[in-house]
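Scroll down for the structure; my scribbles are underneath it.
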2 protein chains.
Amino acid sequence: MANGFETEDDGDDRGLLSDRIRNALTDEIATGTLAAGAALDEQQLADRFGASRTPVREALRQLAAGGLVELRARRGGVVARMTPERIMEMFETVAEIEAVCVRLAAYRMTPLERSHLIELHDLSEPIVEAGNFDAYDSLNRQFHEAIYHATHNSFLAEQAIAVRNRLNAFRRTQLRQGERLRRSRDEHETIMQAIAEGDGEMASRRMRAHMLNAATSLSRFIETNKPGGV
Amino acid sequence: MANGFETEDDGDDRGLLSDRIRNALTDEIATGTLAAGAALDEQQLADRFGASRTPVREALRQLAAGGLVELRARRGGVVARMTPERIMEMFETVAEIEAVCVRLAAYRMTPLERSHLIELHDLSEPIVEAGNFDAYDSLNRQFHEAIYHATHNSFLAEQAIAVRNRLNAFRRTQLRQGERLRRSRDEHETIMQAIAEGDGEMASRRMRAHMLNAATSLSRFIETNKPGGV
DNA sequence: CGCATCGCATTTGCATACACAATCGCTCGA
DNA sequence: TCGAGCGATTGTGTATGCAAATGCGATGCG
């Protein structure tokens, strides 16, 4: 097959082909390029990535293990189709896990980690003013991951990141709504205060509320833009 | 290869070969038949299961996605090698997730679910008296899974089960220690009381303590039977 | 005209073949 | 004697081929 390239001028063909395909598919699902419910034909994907079916299959299996795609035996795979109920369940789960993380983090974070978190939070102020959604999204992610890290429980942090990534496909558009950006930052502010006071329980409750606010916001968005069958 | 059997008298060759291999390997890792750190040679496994490398590879990828095995690129796979620190992190994570589950469950469970939980708990009394470890282990699992279910959040329940299964490989022997069986049931008792009173926060704190007690018990076990390099 | 059944096409699941990377052992040199 | 360089071997990563199963369409029957 089109395997004739030995040159690496593309610069992105390091690593395993199956991993690259997996990452690419993950991105495409998360960004919505591959809509929920879309059929995933192995040969078709193989052609698209200029590979054979073997690495495509391995990528699909991994994605299925992560829950991003559903594989029905001998009937091919589809991008995991989420009901609104399921999405809300995922949001609640993320909210609870985040709440756990911030409680542990409040009790365990080092001064260095605390200052890093404050720095991230401060950086977001001008970005909110400018209404830069993408930049805030990135910073928001860093903020939450800094909290995961500060739990000093890398397994928990991995779980949190995994669940959060899985939700990403639906979280994407939520921040674009009106004043949600400002309110998100305000909520971060109150969480930071609780952390500063060393009150993990308070930080936990506020984080849970913060995540559920985001869920409510997304829920309204889904109701408004309700499509046919998804 | 030895593919000549069309007869299904064996009775266990339904479903996908890769799935059967995955399940078999999961069991072997969970039961310790495959020790942590053991190398997983694809051809060797293929021979052992009477299959080719393809389904074995797919099984390994899925296990890697679940965290049970580690796959280093072009260097093969090994059964995930856990440090004591990592195991404790996993225990803490399970404890926190269980605490979340029982809090939600306390607020949401139906009378039917509550009575089912009570029934399971009552069933364990004579089993503890008899010191039947395996039976208690099974009932214990059902008890916890009934709580997951009662959260009425199937995604959270799935996550809880997944993390719990991942820990199973190391939890196995923990209950065999002395009076841990009796104490485990007593702790369940206090959790049940909090649930009965509708106090989710209390149930949550007690569940966390319950799980961390189990972790401590296992920790002692690990210290006692410390092997060479794991 | 509607429904069931048979046959075909498509696609997955598995086997096999091949290429390259990593490791191990050897030899050679200091 | 020890270390470095180099080749052989082992095993992973990928491609391709083949068989079985599923879904769909056509055809025949009621």
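Following the order of the structure tokens, chains are lettered A, B, ..., residues in each are numbered from 1, and ligands are numbered from 1.
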Exercise: A:Glu113 partners within 12 Å, only C-alpha atoms (C1' of nucleotides), chain neighbours under 2 positions left out, as a PyMOL selection string: chain A and resi 105-111+115-120+143+145-152+195-196
Distance query D:DG17 at most 12 Å, only C-alpha atoms (C1' of nucleotides), self and fewer than 6 positions along chain excluded, as a list of chain:residue names: C:DC14, C:DA15, C:DT16, C:DA17
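Residues from chain B found within 7 Å of chain A are Glu58, Arg61, Gln62, Ala65, Gly66, Glu89, Met90, Thr93, Glu96, Val100, Asn153, Phe155 and Leu156 of chain B, counting only C-alpha atoms.
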DSSP-assigned strand (DSSP E) members of stretch 48-229 of chain A, reported as a list of chain:residue names: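 Secondary structure check on stretch 48-229 of chain A, strand (DSSP E): A:Val69, A:Glu70, A:Leu71, A:Arg72, A:Gly76, A:Gly77, A:Val78, A:Val79.
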Contacts of stretch 205-211 of chain B at 7 Å (only C-alpha atoms (C1' of nucleotides); same-chain gap of 3+ positions) as a list in words: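 Final neighbour list, sorted by chain and number: Ala95, Glu96, Glu98, Ala99, Glu187, Ile191, Glu201, Met202, Ala214 and Ala215 of chain B.
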So that I have them on file, write out the residues from the current selection with N, CA and C atoms, as a CSV table (one decimal), in the first residue's frame.
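Everything below was put into selection12.csv:
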chain,number,residue,atom,x,y,z
B,95,ALA,N,-11.9,4.1,47.6
B,95,ALA,CA,-12.6,4.5,48.9
B,95,ALA,C,-13.4,5.8,48.6
B,96,GLU,N,-12.8,6.7,47.9
B,96,GLU,CA,-13.5,8.0,47.7
B,96,GLU,C,-14.7,7.8,46.8
B,98,GLU,N,-16.4,5.0,46.3
B,98,GLU,CA,-17.4,4.3,47.1
B,98,GLU,C,-18.1,5.3,48.0
B,99,ALA,N,-17.4,6.2,48.6
B,99,ALA,CA,-18.0,7.1,49.5
B,99,ALA,C,-19.0,8.0,48.8
B,187,GLU,N,-18.6,-3.0,59.9
B,187,GLU,CA,-18.5,-1.7,59.3
B,187,GLU,C,-19.7,-1.6,58.3
B,191,ILE,N,-22.6,1.4,58.2
B,191,ILE,CA,-23.0,2.1,57.0
B,191,ILE,C,-24.5,1.9,56.7
B,201,GLU,N,-24.2,11.8,54.2
B,201,GLU,CA,-22.8,12.3,54.6
B,201,GLU,C,-22.2,11.3,55.6
B,202,MET,N,-23.0,10.9,56.6
B,202,MET,CA,-22.5,9.9,57.5
B,202,MET,C,-22.1,8.6,56.9
B,214,ALA,N,-9.8,-1.6,55.0
B,214,ALA,CA,-9.4,-2.8,54.1
B,214,ALA,C,-8.0,-2.5,53.6
B,215,ALA,N,-7.8,-1.3,53.2
B,215,ALA,CA,-6.5,-0.9,52.6
B,215,ALA,C,-5.4,-1.2,53.6
Contacts of A:Val79 within 9 Å, only C-alpha atoms (C1' of nucleotides), excl. fewer than 2 positions in-chain, as number ranges by chain: A: 29, 34-40, 68-71, 77, 81
Check: which chain A residues lie within 9 Å of chain C using only C-alpha atoms (C1' of nucleotides), as a list in words: Asp41, Glu42, Gln43, Ala73, Arg74, Arg75 and Gly76 of chain A
Gap from atom CA of A:His188 to atom CA of A:Asn140 - Å, one decimal: 9.2 Å
Contact residues (chain D, partner chain B, 12 Å, only C-alpha atoms (C1' of nucleotides)) as a VMD selection string: chain D and resid 10 to 14 19 to 21
